[in-house]
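Okay, structure first, notes after.
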Amino acid sequence: MKFFKQLLAVSTLAFASASFAQAEAPDVLVKRISKEVLDVAKTDKDIQAGNQKKVIDLVEAKILPHVDFQRMTSLAAGRFWRDATPEQQQKLTAEFRQLLVFTYSGALSQVKNETIEFKPMRAAPEDTEVEVKSQVNVARGEPVQLNYRLAKAPAGWKIYDINVLGAWLVETYKGNFAAEIGKTGVDGLIKKLAERNKQLANKPMKAAK
Amino acid sequence: MLRLAAGAFVAVALSGCASTASNPKDPFEGYNRAVFNFNDKVDTAVLKPTATAYKKVMPGFVQTGVNNFFGNLSDVWTAANQFLQGRPAEGLNDVTRVALNTTFGIAGLIDVASASGLRKHNEDFGQTLGVWGVTSGPYLILPVLGPSTVRDTVALPLDMKADPWNYKDPVHVRHIGTALHIVDQRAVLLDASNLLEEAALDRYEFIRDGFMQRRESKVQDGREDKQSNKDASSDKSSK
């Protein structure tokens, strides 16, 4: 009995320490979810045929848990974030998240046989914010630059910005957000995002060619 | 007559500027928005449908061939700019690309160089000026040609002069080739532009901010690679 208790104690300790030990390194994480998502996108027949719901389900399952949308939204909203009510912040985050999911799923459904190459990550082990660099090798034209910014959170590393072709998402949306808020306020921006999301939900997705 | 036209032009330009508050990061915004709308009309009426039909109808290998052919021609000027930017390794890479693709790739139709590991780069004189320390200057949209900056617009005539296709004879073949090149470039961007329609709340601003970032990152791409090579070889970087 004692032995059994000891065994239990040791194994619990081992399990606990394993989960507290290194959260998955950021570049390992991005590599893994990229590979998983691409593998499914390339082989799943429904996704190749343009099934919007399936792509979105894939994105929600594999990628969204690793993205910090609130941080992304607050960065894009800039100085207007502080002046927004918690309810507005929540609504804005939700709508922006939905827009990005639609956009990303749209891009994902076009994937045919592109490959991703990751560049070595330059970060010190104690860094809490890193950049992971990769490129997508496409059939025609130069490779597409695809970089991620991640921050270390208690639950693991989370993506809070994406760079496509040299442009950071947050930076690029800042202008749009500021302009819209300037014209119609935070509520106006939320409304506009909601309308756009409704449009995108009803649009049929194009199949990969 | 000329004075009247000049006056009218100035009036239009100024009216454009007066209607919107002057944006420090986009001082030519009035003019830019006007050209943006004009380019959009040309694109919607002519370019996009042509490129869409081209993409749909032309066999894949023909599209790839066209893309490779003009890509090979652009590698020549890219190589020259690599050397101008003080990057002999990349310059040699691109010279070898041209050599391989022109011979084994049958006049550039097949991109054997990429298959053998020689990455494709893209450098133009505007980027070279940027590396030399010339800042981009304000955002400037060119009629038909699209987004640019003041610096890159100044560099454009040189880029055009350096394009080997510019010297292709007979002239009617040159024109057909140029048209084909434009359609090919537009076709390559079709999916991206469709995505842009969905993602952007205000296309003008989205394109402007995205383009300026991208342009700067293209100028910096050499320096970043140099930095990472330095970091790899030395123990501690001083950044």
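Chain labels A, B, ... are given in the sequence in which chains occur in the structure tokens; within each chain residues are numbered consecutively from 1, and ligands are likewise numbered from 1 in the order shown.
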
If we count only C-alpha atoms and set the cut-off at 9 Å, which residues sit around segment 102-117 of chain B, ignoring sequence neighbours fewer than 5 positions away in its own chain? Please answer as a PDB file with N, CA and C atoms, in the first residue's frame.
```
ATOM      1  N   VAL B  62       1.126  27.472 -69.431  1.00  0.00           N
ATOM      2  CA  VAL B  62       1.361  28.696 -70.208  1.00  0.00           C
ATOM      3  C   VAL B  62       1.496  29.881 -69.262  1.00  0.00           C
ATOM      4  N   THR B  64       2.398  29.787 -66.157  1.00  0.00           N
ATOM      5  CA  THR B  64       3.679  29.657 -65.456  1.00  0.00           C
ATOM      6  C   THR B  64       4.814  30.097 -66.355  1.00  0.00           C
ATOM      7  N   GLY B  65       4.735  29.711 -67.631  1.00  0.00           N
ATOM      8  CA  GLY B  65       5.785  30.091 -68.573  1.00  0.00           C
ATOM      9  C   GLY B  65       5.905  31.594 -68.720  1.00  0.00           C
ATOM     10  N   VAL B  66       4.761  32.260 -68.874  1.00  0.00           N
ATOM     11  CA  VAL B  66       4.764  33.723 -69.008  1.00  0.00           C
ATOM     12  C   VAL B  66       5.368  34.350 -67.758  1.00  0.00           C
ATOM     13  N   ASN B  67       4.900  33.864 -66.601  1.00  0.00           N
ATOM     14  CA  ASN B  67       5.382  34.405 -65.331  1.00  0.00           C
ATOM     15  C   ASN B  67       6.887  34.208 -65.189  1.00  0.00           C
ATOM     16  N   ASN B  68       7.354  33.028 -65.548  1.00  0.00           N
ATOM     17  CA  ASN B  68       8.788  32.747 -65.451  1.00  0.00           C
ATOM     18  C   ASN B  68       9.604  33.594 -66.408  1.00  0.00           C
ATOM     19  N   PHE B  69       9.083  33.756 -67.625  1.00  0.00           N
ATOM     20  CA  PHE B  69       9.820  34.518 -68.640  1.00  0.00           C
ATOM     21  C   PHE B  69      10.100  35.938 -68.170  1.00  0.00           C
ATOM     22  N   PHE B  70       9.055  36.619 -67.708  1.00  0.00           N
ATOM     23  CA  PHE B  70       9.255  37.997 -67.262  1.00  0.00           C
ATOM     24  C   PHE B  70       9.980  38.050 -65.923  1.00  0.00           C
ATOM     25  N   GLY B  71       9.793  36.996 -65.125  1.00  0.00           N
ATOM     26  CA  GLY B  71      10.538  36.923 -63.879  1.00  0.00           C
ATOM     27  C   GLY B  71      12.025  36.836 -64.154  1.00  0.00           C
ATOM     28  N   ASN B  72      12.394  36.098 -65.178  1.00  0.00           N
ATOM     29  CA  ASN B  72      13.797  35.964 -65.543  1.00  0.00           C
ATOM     30  C   ASN B  72      14.371  37.317 -65.981  1.00  0.00           C
ATOM     31  N   LEU B  73      13.621  38.045 -66.803  1.00  0.00           N
ATOM     32  CA  LEU B  73      14.073  39.366 -67.249  1.00  0.00           C
ATOM     33  C   LEU B  73      14.270  40.300 -66.050  1.00  0.00           C
ATOM     34  N   THR B  96      23.347  33.978 -61.402  1.00  0.00           N
ATOM     35  CA  THR B  96      23.306  32.546 -61.703  1.00  0.00           C
ATOM     36  C   THR B  96      21.900  32.125 -62.092  1.00  0.00           C
ATOM     37  N   ARG B  97      20.892  32.699 -61.410  1.00  0.00           N
ATOM     38  CA  ARG B  97      19.498  32.430 -61.758  1.00  0.00           C
ATOM     39  C   ARG B  97      19.265  32.728 -63.229  1.00  0.00           C
TER      40      ARG B  97
END
```

Expected answer as a VMD selection string: chain A residues within 10 Å of chain B, only C-alpha atoms: chain A and resid 99 to 100 102 to 104 106 to 107 110 120 to 122 139 to 143 145 163 to 169 171 to 177 179 to 180 189 192 to 193 196 to 197 199 to 200 206 209

Point-to-point distance in Å for atom CA of Gly91 of chain B and atom CA of Ala79 of chain B: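 About the pair atom CA of Ala79 of chain B and atom CA of Gly91 of chain B: they are 4.6 Å apart.
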
Strand (DSSP E) residues, from DSSP on the backbone, in segment 83-130 of chain A, as a PyMOL selection string: chain A and resi 115-118+129-130

Segment 64-78 of chain A environment, 6 Å, only C-alpha atoms, sequence neighbours closer than 4 positions dropped, as an MDAnalysis selection string: chainID A and resid 60 93 158:160 170 173:174

Write the residues of the selection above to a file with N, CA and C atoms, as a short mmCIF file (atom, residue, chain, number, x, y, z; two decimals), in the first residue's frame.
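Final output, out_18.cif:
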```cif
data_model
loop_
_atom_site.label_atom_id
_atom_site.label_comp_id
_atom_site.auth_asym_id
_atom_site.auth_seq_id
_atom_site.Cartn_x
_atom_site.Cartn_y
_atom_site.Cartn_z
N GLU A 60 -10.94 27.57 -35.97
CA GLU A 60 -11.35 27.74 -34.58
C GLU A 60 -10.71 26.69 -33.68
N THR A 93 -13.81 43.38 -29.76
CA THR A 93 -12.93 42.22 -29.86
C THR A 93 -13.62 41.07 -30.58
N LYS A 158 1.05 33.19 -26.95
CA LYS A 158 -0.12 33.56 -27.74
C LYS A 158 0.28 34.54 -28.83
N ILE A 159 -0.30 34.32 -30.02
CA ILE A 159 -0.05 35.21 -31.15
C ILE A 159 -0.86 36.49 -30.97
N TYR A 160 -0.20 37.65 -31.18
CA TYR A 160 -0.98 38.89 -31.10
C TYR A 160 -0.79 39.79 -32.31
N VAL A 170 -1.88 44.53 -37.22
CA VAL A 170 -2.32 45.55 -36.26
C VAL A 170 -2.05 46.95 -36.82
N TYR A 173 -4.46 47.82 -39.62
CA TYR A 173 -5.83 48.08 -39.22
C TYR A 173 -5.97 49.34 -38.38
N LYS A 174 -4.86 49.78 -37.79
CA LYS A 174 -4.92 50.99 -36.95
C LYS A 174 -5.55 52.14 -37.70
#
```

Best match for closeness to Lys31 of chain A among A:Thr115, A:Gln48, A:Thr128, A:Asn137, counting only C-alpha atoms: A:Thr115

All helix (DSSP H, G or I) residues (DSSP, backbone) inside segment 47-158 of chain A, as a PyMOL selection string: chain A and resi 47-49+52-62+64-66+69-77+80-83+86-108

Selected residues written out with N, CA and C atoms, as a compact mmCIF listing (two decimals), in the first residue's frame:
```
# COMPACT_ATOMS: atom_id res chain seq x y z
N ILE A 47 -12.86 20.89 -47.71
CA ILE A 47 -12.20 22.19 -47.68
C ILE A 47 -11.72 22.56 -49.07
N GLN A 48 -11.15 21.61 -49.78
CA GLN A 48 -10.70 21.88 -51.14
C GLN A 48 -11.87 22.26 -52.03
N ALA A 49 -13.06 21.74 -51.71
CA ALA A 49 -14.23 22.07 -52.53
C ALA A 49 -14.82 23.42 -52.16
N GLN A 52 -17.12 26.48 -46.50
CA GLN A 52 -16.70 27.56 -45.62
C GLN A 52 -16.73 27.14 -44.16
N LYS A 53 -17.81 26.42 -43.79
CA LYS A 53 -17.97 26.09 -42.38
C LYS A 53 -16.81 25.21 -41.90
N LYS A 54 -16.42 24.29 -42.76
CA LYS A 54 -15.37 23.37 -42.35
C LYS A 54 -14.05 24.07 -42.14
N VAL A 55 -13.75 25.03 -43.02
CA VAL A 55 -12.50 25.77 -42.86
C VAL A 55 -12.52 26.55 -41.55
N ILE A 56 -13.66 27.19 -41.29
CA ILE A 56 -13.78 27.99 -40.07
C ILE A 56 -13.65 27.10 -38.85
N ASP A 57 -14.28 25.92 -38.91
CA ASP A 57 -14.14 24.99 -37.78
C ASP A 57 -12.68 24.64 -37.55
N LEU A 58 -11.97 24.41 -38.65
CA LEU A 58 -10.55 24.07 -38.55
C LEU A 58 -9.78 25.20 -37.89
N VAL A 59 -10.04 26.43 -38.36
CA VAL A 59 -9.33 27.58 -37.80
C VAL A 59 -9.66 27.74 -36.32
N GLU A 60 -10.94 27.57 -35.97
CA GLU A 60 -11.35 27.74 -34.58
C GLU A 60 -10.71 26.69 -33.68
N ALA A 61 -10.61 25.48 -34.21
CA ALA A 61 -10.08 24.41 -33.37
C ALA A 61 -8.57 24.49 -33.21
N LYS A 62 -7.87 24.75 -34.33
CA LYS A 62 -6.42 24.62 -34.29
C LYS A 62 -5.68 25.90 -33.96
N LEU A 64 -7.28 29.44 -33.21
CA LEU A 64 -7.79 30.47 -32.31
C LEU A 64 -7.38 30.33 -30.86
N PRO A 65 -7.29 29.10 -30.32
CA PRO A 65 -6.87 28.98 -28.92
C PRO A 65 -5.49 29.61 -28.67
N HIS A 66 -4.71 29.82 -29.74
CA HIS A 66 -3.36 30.34 -29.54
C HIS A 66 -3.24 31.79 -29.90
N PHE A 69 -6.80 37.70 -29.02
CA PHE A 69 -7.56 38.68 -29.80
C PHE A 69 -7.76 39.98 -29.06
N GLN A 70 -7.86 39.87 -27.74
CA GLN A 70 -8.11 41.12 -27.02
C GLN A 70 -6.91 42.06 -27.17
N ARG A 71 -5.72 41.46 -27.08
CA ARG A 71 -4.54 42.31 -27.21
C ARG A 71 -4.46 42.89 -28.62
N MET A 72 -4.75 42.03 -29.60
CA MET A 72 -4.72 42.46 -30.99
C MET A 72 -5.68 43.63 -31.20
N THR A 73 -6.90 43.49 -30.68
CA THR A 73 -7.91 44.53 -30.87
C THR A 73 -7.51 45.80 -30.15
N SER A 74 -7.00 45.66 -28.91
CA SER A 74 -6.64 46.86 -28.16
C SER A 74 -5.50 47.60 -28.85
N LEU A 75 -4.57 46.85 -29.45
CA LEU A 75 -3.47 47.51 -30.16
C LEU A 75 -3.98 48.21 -31.41
N ALA A 76 -4.90 47.57 -32.10
CA ALA A 76 -5.42 48.19 -33.33
C ALA A 76 -6.26 49.42 -33.01
N ALA A 77 -6.95 49.38 -31.88
CA ALA A 77 -7.79 50.52 -31.51
C ALA A 77 -6.96 51.67 -30.97
N PHE A 80 -7.99 54.86 -28.53
CA PHE A 80 -9.45 54.83 -28.33
C PHE A 80 -9.88 53.70 -27.39
N TRP A 81 -8.95 52.73 -27.18
CA TRP A 81 -9.31 51.56 -26.37
C TRP A 81 -9.64 51.98 -24.94
N ARG A 82 -8.82 52.89 -24.41
CA ARG A 82 -9.00 53.30 -23.01
C ARG A 82 -10.35 53.98 -22.81
N ASP A 83 -10.81 54.69 -23.84
CA ASP A 83 -12.05 55.44 -23.69
C ASP A 83 -13.29 54.58 -23.92
N PRO A 86 -16.10 48.64 -21.09
CA PRO A 86 -15.77 47.20 -21.15
C PRO A 86 -16.70 46.46 -22.11
N GLU A 87 -17.98 46.89 -22.17
CA GLU A 87 -18.90 46.22 -23.07
C GLU A 87 -18.50 46.49 -24.51
N GLN A 88 -18.13 47.74 -24.81
CA GLN A 88 -17.69 48.07 -26.17
C GLN A 88 -16.42 47.30 -26.53
N GLN A 89 -15.51 47.23 -25.54
CA GLN A 89 -14.26 46.52 -25.81
C GLN A 89 -14.54 45.07 -26.17
N GLN A 90 -15.46 44.49 -25.40
CA GLN A 90 -15.77 43.08 -25.62
C GLN A 90 -16.41 42.88 -26.99
N LYS A 91 -17.34 43.76 -27.33
CA LYS A 91 -18.03 43.63 -28.63
C LYS A 91 -17.04 43.83 -29.76
N LEU A 92 -16.19 44.84 -29.61
CA LEU A 92 -15.21 45.14 -30.66
C LEU A 92 -14.28 43.95 -30.88
N THR A 93 -13.81 43.38 -29.76
CA THR A 93 -12.93 42.22 -29.86
C THR A 93 -13.62 41.07 -30.58
N ALA A 94 -14.89 40.85 -30.22
CA ALA A 94 -15.62 39.74 -30.83
C ALA A 94 -15.80 39.95 -32.33
N GLU A 95 -16.15 41.17 -32.75
CA GLU A 95 -16.37 41.41 -34.18
C GLU A 95 -15.07 41.36 -34.96
N PHE A 96 -14.01 41.93 -34.39
CA PHE A 96 -12.71 41.91 -35.07
C PHE A 96 -12.23 40.48 -35.23
N ARG A 97 -12.41 39.69 -34.18
CA ARG A 97 -12.05 38.28 -34.20
C ARG A 97 -12.79 37.59 -35.33
N GLN A 98 -14.08 37.85 -35.45
CA GLN A 98 -14.87 37.21 -36.49
C GLN A 98 -14.36 37.59 -37.88
N LEU A 99 -14.04 38.88 -38.06
CA LEU A 99 -13.54 39.35 -39.35
C LEU A 99 -12.25 38.64 -39.71
N LEU A 100 -11.36 38.52 -38.73
CA LEU A 100 -10.08 37.89 -38.99
C LEU A 100 -10.25 36.41 -39.29
N VAL A 101 -11.20 35.77 -38.59
CA VAL A 101 -11.45 34.35 -38.85
C VAL A 101 -11.92 34.17 -40.28
N PHE A 102 -12.86 35.01 -40.72
CA PHE A 102 -13.35 34.91 -42.09
C PHE A 102 -12.23 35.13 -43.09
N THR A 103 -11.44 36.19 -42.85
CA THR A 103 -10.38 36.52 -43.79
C THR A 103 -9.34 35.41 -43.85
N TYR A 104 -8.93 34.93 -42.69
CA TYR A 104 -7.92 33.88 -42.64
C TYR A 104 -8.44 32.60 -43.27
N SER A 105 -9.71 32.29 -43.02
CA SER A 105 -10.28 31.08 -43.61
C SER A 105 -10.36 31.21 -45.12
N GLY A 106 -10.66 32.42 -45.59
CA GLY A 106 -10.68 32.66 -47.02
C GLY A 106 -9.32 32.38 -47.64
N ALA A 107 -8.27 32.84 -46.96
CA ALA A 107 -6.93 32.61 -47.47
C ALA A 107 -6.59 31.13 -47.42
N LEU A 108 -7.00 30.48 -46.35
CA LEU A 108 -6.66 29.07 -46.17
C LEU A 108 -7.33 28.18 -47.21
```

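You will find atom CA of Ile63 of chain A at 16.2 Å from atom CA of Val111 of chain A.
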
Shell of 12 Å around Ala179 of chain B, only C-alpha atoms, local chain residues under 4 positions omitted, as a ChimeraX atom specification: /B:46-47,50-51,54,66,70,165,172-175,183-186

Export of the given selection (N, CA and C atoms) as a PDB file, in the first residue's frame:
```pdb
ATOM      1  N   VAL B  46     -11.251  47.086 -67.109  1.00  0.00           N
ATOM      2  CA  VAL B  46     -10.385  46.424 -68.090  1.00  0.00           C
ATOM      3  C   VAL B  46      -9.514  45.322 -67.488  1.00  0.00           C
ATOM      4  N   LEU B  47      -8.732  45.724 -66.499  1.00  0.00           N
ATOM      5  CA  LEU B  47      -7.644  44.844 -66.067  1.00  0.00           C
ATOM      6  C   LEU B  47      -8.133  43.580 -65.364  1.00  0.00           C
ATOM      7  N   THR B  50      -9.907  41.030 -67.607  1.00  0.00           N
ATOM      8  CA  THR B  50      -8.940  40.386 -68.500  1.00  0.00           C
ATOM      9  C   THR B  50      -8.116  39.363 -67.740  1.00  0.00           C
ATOM     10  N   ALA B  51      -7.639  39.768 -66.558  1.00  0.00           N
ATOM     11  CA  ALA B  51      -6.809  38.863 -65.776  1.00  0.00           C
ATOM     12  C   ALA B  51      -7.605  37.653 -65.303  1.00  0.00           C
ATOM     13  N   TYR B  54      -7.999  35.436 -68.263  1.00  0.00           N
ATOM     14  CA  TYR B  54      -6.671  34.863 -68.521  1.00  0.00           C
ATOM     15  C   TYR B  54      -6.412  33.692 -67.588  1.00  0.00           C
ATOM     16  N   VAL B  66       4.761  32.260 -68.874  1.00  0.00           N
ATOM     17  CA  VAL B  66       4.764  33.723 -69.008  1.00  0.00           C
ATOM     18  C   VAL B  66       5.368  34.350 -67.758  1.00  0.00           C
ATOM     19  N   PHE B  70       9.055  36.619 -67.708  1.00  0.00           N
ATOM     20  CA  PHE B  70       9.255  37.997 -67.262  1.00  0.00           C
ATOM     21  C   PHE B  70       9.980  38.050 -65.923  1.00  0.00           C
ATOM     22  N   TRP B 165      13.174  44.001 -71.784  1.00  0.00           N
ATOM     23  CA  TRP B 165      12.074  43.884 -72.733  1.00  0.00           C
ATOM     24  C   TRP B 165      11.821  45.188 -73.455  1.00  0.00           C
ATOM     25  N   HIS B 172       5.864  45.641 -82.298  1.00  0.00           N
ATOM     26  CA  HIS B 172       4.525  45.109 -81.994  1.00  0.00           C
ATOM     27  C   HIS B 172       4.628  43.882 -81.089  1.00  0.00           C
ATOM     28  N   VAL B 173       5.727  43.132 -81.218  1.00  0.00           N
ATOM     29  CA  VAL B 173       5.929  42.003 -80.296  1.00  0.00           C
ATOM     30  C   VAL B 173       6.176  42.528 -78.894  1.00  0.00           C
ATOM     31  N   ARG B 174       6.935  43.635 -78.830  1.00  0.00           N
ATOM     32  CA  ARG B 174       7.223  44.242 -77.532  1.00  0.00           C
ATOM     33  C   ARG B 174       5.924  44.650 -76.837  1.00  0.00           C
ATOM     34  N   HIS B 175       5.003  45.248 -77.610  1.00  0.00           N
ATOM     35  CA  HIS B 175       3.751  45.712 -77.004  1.00  0.00           C
ATOM     36  C   HIS B 175       2.906  44.543 -76.527  1.00  0.00           C
ATOM     37  N   VAL B 183      -1.043  41.658 -67.635  1.00  0.00           N
ATOM     38  CA  VAL B 183      -2.150  40.759 -67.308  1.00  0.00           C
ATOM     39  C   VAL B 183      -1.670  39.667 -66.351  1.00  0.00           C
ATOM     40  N   ASP B 184      -0.457  39.153 -66.619  1.00  0.00           N
ATOM     41  CA  ASP B 184       0.102  38.122 -65.750  1.00  0.00           C
ATOM     42  C   ASP B 184       0.253  38.631 -64.321  1.00  0.00           C
ATOM     43  N   GLN B 185       0.798  39.836 -64.184  1.00  0.00           N
ATOM     44  CA  GLN B 185       0.998  40.406 -62.846  1.00  0.00           C
ATOM     45  C   GLN B 185      -0.336  40.600 -62.137  1.00  0.00           C
ATOM     46  N   ARG B 186      -1.340  41.027 -62.892  1.00  0.00           N
ATOM     47  CA  ARG B 186      -2.645  41.240 -62.281  1.00  0.00           C
ATOM     48  C   ARG B 186      -3.261  39.910 -61.867  1.00  0.00           C
TER      49      ARG B 186
END
```
